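Peer 1: The structure that follows is given in the form of structure tokens.
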Amino acid sequence: MNEMLTLTGEVATALDEGRPVVALESTIISHGMPYPQNVAMAVEVEGIIRECGAVPATIGVLGGRPLVGLGRDDLELLASDDDVTKVSVRDLPYVVARRLHGATTVAATMRLAALAGIHVFVTGGLGGVHRGAQQTFDISADLTELGATSVAVVSAGVKSILDIGLTLETLETQGVPVLVHGSDEFPSFFSRSSGHAAPMRVDSAAEVAAVMAATWDLGLDGGIVVANPIPVDDEIPADEIGAIIDQALADMGRLGIHGKDATPYLLGRIVEITDGASLTANIALVRHNARFGAAIAIEYAALAGP
Ligand code: PSU
Ligand code: MN
């Protein structure tokens, strides 16, 4: 175990005993949703994972300490404090050295989860290749991390604020298995459809666990994308959300926002334009992912043994 990490007793004991643990990220709390819905979502999702029989481990950096497992006060701080840095892998050393608070992205959460020995991670949406990346080179470090770090990441796919086709191409280049649960189409977060075929299809948590075991037993280091389409009842139709995303992208262009601020701006703007409807859908899909992620962690723990 890396000495820089601080695990809660609950998480450390579960890992020691080979019981299922599910990592959760904190950028989704600090920079992905407004307060107070963000902290309510974080607490609720931890509860869902416990009810399903796994141990939740929300990951973040407080006062420069990388924490695996957060208390209620930690979640409240990350949800409400203005001085929480968005931390991808390249930001980790700086926030640790400066003893800052940091909310970890998919990439940074994967890295810390792997250091702690956690193999399953649940979130809402992945970062990816931004539209126009041919010019800007803006490709999320989430994708290179998926190429390198052995954690299965459960999401509802990739939002069309990104270029979904180029994101799937980049995942293929990185050697990342992309599994879609119960559908032949890769989902686009708010919608079950994206116009892109599922690279691989699975129909149960046990099938995901079998792919995880095969990947790592083969010595193929790297992550696995598990795309779990949003439930039909919670979907926002692709054409409806498409127009809203185009407006948010145009607003961002006018304001000159780019780099690490792009994704948080777009997420916030979409909530504003939809008058909160996108937030409702976002919370619903995270709940859905938490249930599937817990089931995967339980199946994988049974395969891997204590
Ligand atoms: N997409 C979402 N919600 C989020 C994010 C992406 O629908 O909260 C966050 C995740 O933490 C993801 C990060 O890892 O944004 C990607 O940021 P960037 O594109 O700057 O790598
Ligand atoms: Mn970027």
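Residues in the structure tokens are named by chain (A, B, ... in the order shown) and by number from 1 within that chain; ligands are numbered from 1 in the order shown.
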Among range 167-295 of chain A, which ones does DSSP assign to strand (DSSP E or B) (computed from the backbone)? Answer as a ChimeraX atom specification.
Peer 2: /A:178-181,185,188,197,200-202,224-227
Peer 1: Take the residues just selected and output them with C-alpha atoms as a short mmCIF file (atom, residue, chain, number, x, y, z; two decimals), in the first residue's frame.
Peer 2:
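Just written: part27.cif:
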data_model
loop_
_atom_site.label_atom_id
_atom_site.label_comp_id
_atom_site.auth_asym_id
_atom_site.auth_seq_id
_atom_site.Cartn_x
_atom_site.Cartn_y
_atom_site.Cartn_z
CA VAL A 178 -15.34 -0.92 -24.09
CA LEU A 179 -18.29 -2.98 -22.83
CA VAL A 180 -21.88 -1.80 -23.20
CA HIS A 181 -24.40 -3.27 -20.76
CA GLU A 185 -25.29 0.94 -29.12
CA SER A 188 -24.34 9.20 -24.81
CA ALA A 197 -22.25 0.82 -32.21
CA MET A 200 -18.53 -5.10 -27.20
CA ARG A 201 -21.78 -6.08 -25.48
CA VAL A 202 -22.31 -7.70 -22.06
CA ILE A 224 -12.04 -1.25 -18.82
CA VAL A 225 -14.92 1.01 -19.84
CA VAL A 226 -18.30 -0.32 -18.71
CA ALA A 227 -21.00 1.82 -20.33
#
Peer 1: Can you list every residue of chain A that has an atom at most 7 Å from ligand 1, with its nearest atom pair and the distance in Å to one decimal, using only C-alpha atoms and all ligand atoms, ordered by chain then number, as CSV?
Peer 2:
residue,atom,partner,partner_atom_place_in_ligand_line,distance
A:Glu25,CA,ligand 1,11 (O),6.7
A:Thr27,CA,ligand 1,11 (O),4.5
A:Ile28,CA,ligand 1,8 (O),3.5
A:His31,CA,ligand 1,8 (O),6.3
A:Gly32,CA,ligand 1,8 (O),3.9
A:Ser88,CA,ligand 1,21 (O),6.7
A:Thr104,CA,ligand 1,11 (O),6.5
A:Thr105,CA,ligand 1,11 (O),3.4
A:Val106,CA,ligand 1,14 (O),3.6
A:Ala107,CA,ligand 1,14 (O),5.9
A:Gly124,CA,ligand 1,7 (O),5.6
A:Gly125,CA,ligand 1,7 (O),3.9
A:Leu126,CA,ligand 1,1 (N),5.2
A:Gly127,CA,ligand 1,16 (C),4.0
A:Gly128,CA,ligand 1,19 (O),6.3
A:Ile139,CA,ligand 1,19 (O),7.0
A:Ser140,CA,ligand 1,21 (O),3.8
A:Ala141,CA,ligand 1,21 (O),5.4
A:Asp142,CA,ligand 1,14 (O),5.8
A:Lys159,CA,ligand 1,7 (O),6.4
A:Gly259,CA,ligand 1,20 (O),6.6
A:Lys260,CA,ligand 1,20 (O),4.2
A:Asp261,CA,ligand 1,20 (O),6.7
A:Ala262,CA,ligand 1,20 (O),6.7
A:Thr263,CA,ligand 1,19 (O),5.3
A:Pro264,CA,ligand 1,15 (O),6.7
A:Leu267,CA,ligand 1,7 (O),6.8
Peer 1: Please determine, counting only C-alpha atoms and all ligand atoms, which residue among A:Val87, A:Ile296, A:Met1, A:Met33 has the shortest atom-to-atom distance to ligand 2.
Peer 2: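 Looking only at the distances to ligand 2, the closest residue turns out to be A:Val87.
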Peer 1: Rank A:Leu162, A:Ala284, A:Ala277, A:Ala301 by their smallest atom-to-atom distance to ligand 2, using only C-alpha atoms and all ligand atoms, and report the top residue only.
Peer 2: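 Counting only C-alpha atoms and all ligand atoms, the residue closest to ligand 2 is A:Leu162.
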Peer 1: Hey, which of A:Ile241, A:Leu77, A:Val120, A:Ile273 ends up closest to Ala295 in chain A? Count only C-alpha atoms.
Peer 2: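 Nearest to Ala295 in chain A: A:Val120.
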Peer 1: Fewer than 6 positions away in the same chain doesn't count, so skip those; otherwise give me all residues within 8 Å of Ile298 in chain A, counting only C-alpha atoms, as a tab-separated table (two decimals) with C-alpha atoms, in the first residue's frame.
Peer 2:
chain	number	residue	atom	x	y	z
A	19	ARG	CA	-14.78	-7.94	0.20
A	20	PRO	CA	-16.22	-5.83	-2.66
A	53	GLY	CA	-23.63	-5.27	-0.38
A	54	ALA	CA	-20.40	-3.43	-1.27
Peer 1: Smallest atom-to-atom distance to ligand 2: which of A:Thr173, A:Asn228, A:Thr144, A:Thr149, using only C-alpha atoms and all ligand atoms?
Peer 2: A:Thr144
Peer 1: Enumerate as a VMD selection string all residues of range 145-254 of chain A assigned to helix (DSSP H, G or I) by DSSP on the backbone, naming them with the chain letters and numbers the document uses.
Peer 2: chain A and resid 145 to 148 164 to 173 205 to 217 232 to 234 238 to 254
Peer 1: Taking into account only C-alpha atoms, which residue in the set A:Val61, A:Ile245, A:Leu255, A:Val22 is nearest to Ile49 in chain A?
Peer 2: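 Closest to Ile49 in chain A, using only C-alpha atoms: A:Val22.
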Peer 1: Within 12 Å of Gln247 in chain A, counting only C-alpha atoms, which residues qualify if same-chain residues fewer than 2 places away don't, as a VMD selection string?
Peer 2: chain A and resid 161 240 to 245 249 to 254 266 269 to 270 272 to 274
Peer 1: Considering only C-alpha atoms, state which residue in the set A:Gln134, A:Thr123, A:Ser30, A:Thr215 is at the smallest distance from Val286 in chain A.
Peer 2: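 Nearest candidate to Val286 in chain A out of A:Gln134, A:Thr123, A:Ser30, A:Thr215: A:Thr123.
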Peer 1: Quick one: everything within 9 Å of Leu15 in chain A, counting only C-alpha atoms, minus sequence neighbours fewer than 4 positions away in the same chain. Send it as a list in words.
Peer 2: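 Counting only C-alpha atoms, the residues come to Glu10, Val11, Arg19, Pro20, Val21, Ala116, Gly117, Ile118 and Pro306 of chain A.
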Peer 1: Figure out the distance between CA of His101 in chain A and CA of Thr85 in chain A, please, to one decimal in Å.
Peer 2: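 The value is 6.3 Å.
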Peer 1: Which range 5-86 of chain A residues have any atom within 12 Å of an atom of range 112-115 of chain A, and for each, what is the nearest pair of atoms with distance in Å to one decimal, counting only C-alpha atoms, rows sorted by chain and number, as a Markdown table?
Peer 2:
| residue | atom | partner | partner_atom | distance |
| --- | --- | --- | --- | --- |
| A:Leu5 | CA | A:Leu112 | CA | 8.0 |
| A:Thr6 | CA | A:Leu112 | CA | 10.4 |
| A:Leu7 | CA | A:Ala113 | CA | 10.5 |
| A:Val11 | CA | A:Ala113 | CA | 11.2 |
| A:Leu15 | CA | A:Ala113 | CA | 11.4 |
| A:Val21 | CA | A:Ala113 | CA | 9.9 |
| A:Val22 | CA | A:Ala113 | CA | 9.0 |
| A:Ala23 | CA | A:Ala113 | CA | 6.5 |
| A:Leu24 | CA | A:Ala113 | CA | 8.9 |
| A:Glu25 | CA | A:Ala113 | CA | 9.6 |
| A:Pro56 | CA | A:Ala113 | CA | 11.5 |
| A:Ala57 | CA | A:Ala113 | CA | 8.7 |
| A:Thr58 | CA | A:Ala113 | CA | 9.4 |
| A:Ile59 | CA | A:Leu112 | CA | 7.6 |
| A:Gly60 | CA | A:Leu112 | CA | 8.9 |
| A:Val61 | CA | A:Leu112 | CA | 10.2 |
| A:Arg65 | CA | A:Leu112 | CA | 11.4 |
| A:Pro66 | CA | A:Leu112 | CA | 7.8 |
| A:Leu67 | CA | A:Leu112 | CA | 8.7 |
| A:Val68 | CA | A:Ala113 | CA | 7.5 |
| A:Gly69 | CA | A:Ala113 | CA | 10.3 |
Peer 1: Take the residues just selected and output them with N, CA and C atoms as an mmCIF file, in the first residue's frame.
Peer 2:
data_model
loop_
_atom_site.group_PDB
_atom_site.id
_atom_site.type_symbol
_atom_site.label_atom_id
_atom_site.label_comp_id
_atom_site.auth_asym_id
_atom_site.auth_seq_id
_atom_site.Cartn_x
_atom_site.Cartn_y
_atom_site.Cartn_z
ATOM 1 N N LEU A 5 -1.361 7.356 0.963
ATOM 2 C CA LEU A 5 -2.825 7.229 1.001
ATOM 3 C C LEU A 5 -3.341 7.065 2.421
ATOM 4 N N THR A 6 -4.503 7.654 2.690
ATOM 5 C CA THR A 6 -5.197 7.413 3.958
ATOM 6 C C THR A 6 -6.526 6.735 3.665
ATOM 7 N N LEU A 7 -6.667 5.498 4.137
ATOM 8 C CA LEU A 7 -7.924 4.748 3.950
ATOM 9 C C LEU A 7 -8.742 4.832 5.234
ATOM 10 N N VAL A 11 -12.927 0.863 4.720
ATOM 11 C CA VAL A 11 -12.380 0.490 3.412
ATOM 12 C C VAL A 11 -11.183 -0.441 3.582
ATOM 13 N N LEU A 15 -10.965 -4.306 2.126
ATOM 14 C CA LEU A 15 -9.927 -4.710 1.165
ATOM 15 C C LEU A 15 -9.102 -5.866 1.727
ATOM 16 N N VAL A 21 -15.385 -3.565 -2.896
ATOM 17 C CA VAL A 21 -15.262 -2.124 -2.644
ATOM 18 C C VAL A 21 -15.472 -1.404 -3.968
ATOM 19 N N VAL A 22 -16.208 -0.291 -3.924
ATOM 20 C CA VAL A 22 -16.467 0.507 -5.126
ATOM 21 C C VAL A 22 -15.938 1.925 -4.911
ATOM 22 N N ALA A 23 -15.008 2.349 -5.761
ATOM 23 C CA ALA A 23 -14.491 3.721 -5.702
ATOM 24 C C ALA A 23 -15.477 4.685 -6.356
ATOM 25 N N LEU A 24 -15.492 5.920 -5.845
ATOM 26 C CA LEU A 24 -16.320 7.001 -6.410
ATOM 27 C C LEU A 24 -15.437 8.239 -6.542
ATOM 28 N N GLU A 25 -15.706 9.057 -7.556
ATOM 29 C CA GLU A 25 -14.863 10.251 -7.761
ATOM 30 C C GLU A 25 -15.454 11.471 -7.056
ATOM 31 N N PRO A 56 -18.542 1.570 -0.220
ATOM 32 C CA PRO A 56 -18.177 2.713 -1.059
ATOM 33 C C PRO A 56 -16.889 3.368 -0.563
ATOM 34 N N ALA A 57 -16.081 3.851 -1.501
ATOM 35 C CA ALA A 57 -14.850 4.573 -1.145
ATOM 36 C C ALA A 57 -14.772 5.805 -2.040
ATOM 37 N N THR A 58 -15.337 6.914 -1.566
ATOM 38 C CA THR A 58 -15.217 8.150 -2.336
ATOM 39 C C THR A 58 -13.797 8.673 -2.140
ATOM 40 N N ILE A 59 -13.190 9.117 -3.242
ATOM 41 C CA ILE A 59 -11.776 9.497 -3.248
ATOM 42 C C ILE A 59 -11.641 10.993 -3.500
ATOM 43 N N GLY A 60 -10.761 11.643 -2.735
ATOM 44 C CA GLY A 60 -10.487 13.063 -2.915
ATOM 45 C C GLY A 60 -9.227 13.421 -2.149
ATOM 46 N N VAL A 61 -8.835 14.693 -2.230
ATOM 47 C CA VAL A 61 -7.630 15.154 -1.541
ATOM 48 C C VAL A 61 -8.046 16.274 -0.586
ATOM 49 N N ARG A 65 -3.871 15.595 1.603
ATOM 50 C CA ARG A 65 -3.846 14.147 1.878
ATOM 51 C C ARG A 65 -4.810 13.409 0.952
ATOM 52 N N PRO A 66 -4.304 12.512 0.126
ATOM 53 C CA PRO A 66 -5.200 11.685 -0.699
ATOM 54 C C PRO A 66 -5.977 10.723 0.197
ATOM 55 N N LEU A 67 -7.304 10.854 0.198
ATOM 56 C CA LEU A 67 -8.167 10.045 1.072
ATOM 57 C C LEU A 67 -8.962 9.041 0.237
ATOM 58 N N VAL A 68 -9.004 7.819 0.731
ATOM 59 C CA VAL A 68 -9.793 6.764 0.090
ATOM 60 C C VAL A 68 -10.881 6.387 1.099
ATOM 61 N N GLY A 69 -12.085 6.921 0.872
ATOM 62 C CA GLY A 69 -13.155 6.854 1.869
ATOM 63 C C GLY A 69 -13.243 8.209 2.550
#
Peer 1: Do a neighbour search on Glu44 in chain A at 12 Å with only C-alpha atoms, toss out local chain neighbours closer than 6 positions, and write the hits as a list in words.
Peer 2: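 Neighbouring residues, sequence-local ones excluded: Gln37, Asn38, Arg50, Glu51, Pro56, Arg72, Leu75, Ile283, Ala284, Val286, Arg287, His288, Ala290 and Arg291 of chain A.
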Peer 1: For the residues in the current selection, export all heavy atoms as a short mmCIF file (atom, residue, chain, number, x, y, z; two decimals), in the first residue's frame.
Peer 2:
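File written: selection_38.cif
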data_model
loop_
_atom_site.label_atom_id
_atom_site.label_comp_id
_atom_site.auth_asym_id
_atom_site.auth_seq_id
_atom_site.Cartn_x
_atom_site.Cartn_y
_atom_site.Cartn_z
N GLN A 37 -27.45 19.77 -4.20
CA GLN A 37 -27.81 18.49 -4.83
C GLN A 37 -26.58 17.58 -4.92
O GLN A 37 -26.70 16.36 -4.87
CB GLN A 37 -28.39 18.71 -6.24
CG GLN A 37 -29.78 19.35 -6.23
CD GLN A 37 -29.72 20.85 -6.39
OE1 GLN A 37 -28.74 21.50 -6.01
NE2 GLN A 37 -30.77 21.42 -6.94
N ASN A 38 -25.39 18.20 -5.06
CA ASN A 38 -24.17 17.40 -5.21
C ASN A 38 -23.87 16.57 -3.96
O ASN A 38 -23.58 15.37 -4.05
CB ASN A 38 -22.98 18.29 -5.59
CG ASN A 38 -22.72 19.44 -4.63
OD1 ASN A 38 -23.46 19.62 -3.64
ND2 ASN A 38 -21.70 20.22 -4.92
N ARG A 50 -23.82 0.50 -0.36
CA ARG A 50 -23.89 -0.30 0.87
C ARG A 50 -25.09 -1.25 0.85
O ARG A 50 -24.96 -2.42 1.16
CB ARG A 50 -24.00 0.60 2.11
CG ARG A 50 -22.69 1.19 2.53
CD ARG A 50 -22.70 1.65 4.00
NE ARG A 50 -21.41 2.26 4.26
CZ ARG A 50 -21.13 3.54 4.05
NH1 ARG A 50 -22.08 4.37 3.65
NH2 ARG A 50 -19.92 4.00 4.26
N GLU A 51 -26.25 -0.70 0.47
CA GLU A 51 -27.47 -1.56 0.40
C GLU A 51 -27.28 -2.74 -0.54
O GLU A 51 -27.85 -3.81 -0.31
CB GLU A 51 -28.66 -0.75 -0.15
CG GLU A 51 -29.41 0.06 0.86
CD GLU A 51 -30.34 1.05 0.15
OE1 GLU A 51 -30.78 0.78 -0.99
OE2 GLU A 51 -30.60 2.12 0.74
N PRO A 56 -18.54 1.57 -0.22
CA PRO A 56 -18.18 2.71 -1.06
C PRO A 56 -16.89 3.37 -0.56
O PRO A 56 -16.65 3.44 0.65
CB PRO A 56 -19.36 3.67 -0.87
CG PRO A 56 -19.88 3.37 0.51
CD PRO A 56 -19.61 1.90 0.75
N ARG A 72 -18.90 12.33 6.17
CA ARG A 72 -19.95 13.28 5.81
C ARG A 72 -19.43 14.72 5.72
O ARG A 72 -19.77 15.45 4.79
CB ARG A 72 -21.07 13.15 6.85
CG ARG A 72 -22.30 13.96 6.58
CD ARG A 72 -23.07 13.35 5.40
NE ARG A 72 -24.38 13.98 5.23
CZ ARG A 72 -24.57 15.21 4.74
NH1 ARG A 72 -23.54 15.95 4.39
NH2 ARG A 72 -25.78 15.69 4.59
N LEU A 75 -17.35 15.24 2.57
CA LEU A 75 -18.21 15.38 1.38
C LEU A 75 -18.82 16.78 1.33
O LEU A 75 -18.89 17.42 0.28
CB LEU A 75 -19.33 14.32 1.39
CG LEU A 75 -18.88 12.86 1.22
CD1 LEU A 75 -20.07 11.91 1.42
CD2 LEU A 75 -18.25 12.62 -0.14
N ILE A 283 -28.41 12.62 -11.97
CA ILE A 283 -28.47 11.93 -10.68
C ILE A 283 -29.08 10.53 -10.86
O ILE A 283 -28.61 9.55 -10.29
CB ILE A 283 -29.24 12.79 -9.65
CG1 ILE A 283 -28.42 14.05 -9.32
CG2 ILE A 283 -29.54 11.99 -8.37
CD1 ILE A 283 -29.15 15.11 -8.52
N ALA A 284 -30.10 10.44 -11.71
CA ALA A 284 -30.75 9.13 -11.95
C ALA A 284 -29.75 8.14 -12.54
O ALA A 284 -29.70 6.97 -12.13
CB ALA A 284 -31.94 9.29 -12.89
N VAL A 286 -26.49 8.14 -12.25
CA VAL A 286 -25.45 7.78 -11.28
C VAL A 286 -25.98 6.71 -10.31
O VAL A 286 -25.28 5.74 -9.99
CB VAL A 286 -24.92 9.01 -10.50
CG1 VAL A 286 -23.92 8.58 -9.44
CG2 VAL A 286 -24.27 10.01 -11.44
N ARG A 287 -27.22 6.87 -9.86
CA ARG A 287 -27.85 5.84 -9.01
C ARG A 287 -27.83 4.49 -9.71
O ARG A 287 -27.51 3.46 -9.11
CB ARG A 287 -29.32 6.17 -8.76
CG ARG A 287 -29.58 7.30 -7.82
CD ARG A 287 -31.12 7.35 -7.57
NE ARG A 287 -31.46 8.56 -6.88
CZ ARG A 287 -32.19 9.56 -7.40
NH1 ARG A 287 -32.71 9.47 -8.61
NH2 ARG A 287 -32.43 10.64 -6.70
N HIS A 288 -28.24 4.50 -10.97
CA HIS A 288 -28.31 3.27 -11.78
C HIS A 288 -26.91 2.64 -11.91
O HIS A 288 -26.75 1.43 -11.75
CB HIS A 288 -28.88 3.68 -13.14
CG HIS A 288 -29.15 2.57 -14.09
ND1 HIS A 288 -28.61 2.54 -15.36
CD2 HIS A 288 -29.89 1.44 -13.98
CE1 HIS A 288 -29.02 1.45 -15.98
NE2 HIS A 288 -29.80 0.77 -15.17
N ALA A 290 -24.45 3.02 -9.81
CA ALA A 290 -24.01 2.55 -8.49
C ALA A 290 -24.49 1.13 -8.25
O ALA A 290 -23.74 0.27 -7.76
CB ALA A 290 -24.54 3.48 -7.40
N ARG A 291 -25.73 0.84 -8.65
CA ARG A 291 -26.27 -0.52 -8.46
C ARG A 291 -25.50 -1.52 -9.32
O ARG A 291 -25.13 -2.60 -8.85
CB ARG A 291 -27.76 -0.58 -8.82
CG ARG A 291 -28.60 0.05 -7.74
CD ARG A 291 -30.11 -0.13 -7.99
NE ARG A 291 -30.76 1.00 -7.36
CZ ARG A 291 -31.19 2.08 -8.00
NH1 ARG A 291 -31.14 2.14 -9.32
NH2 ARG A 291 -31.71 3.08 -7.34
#
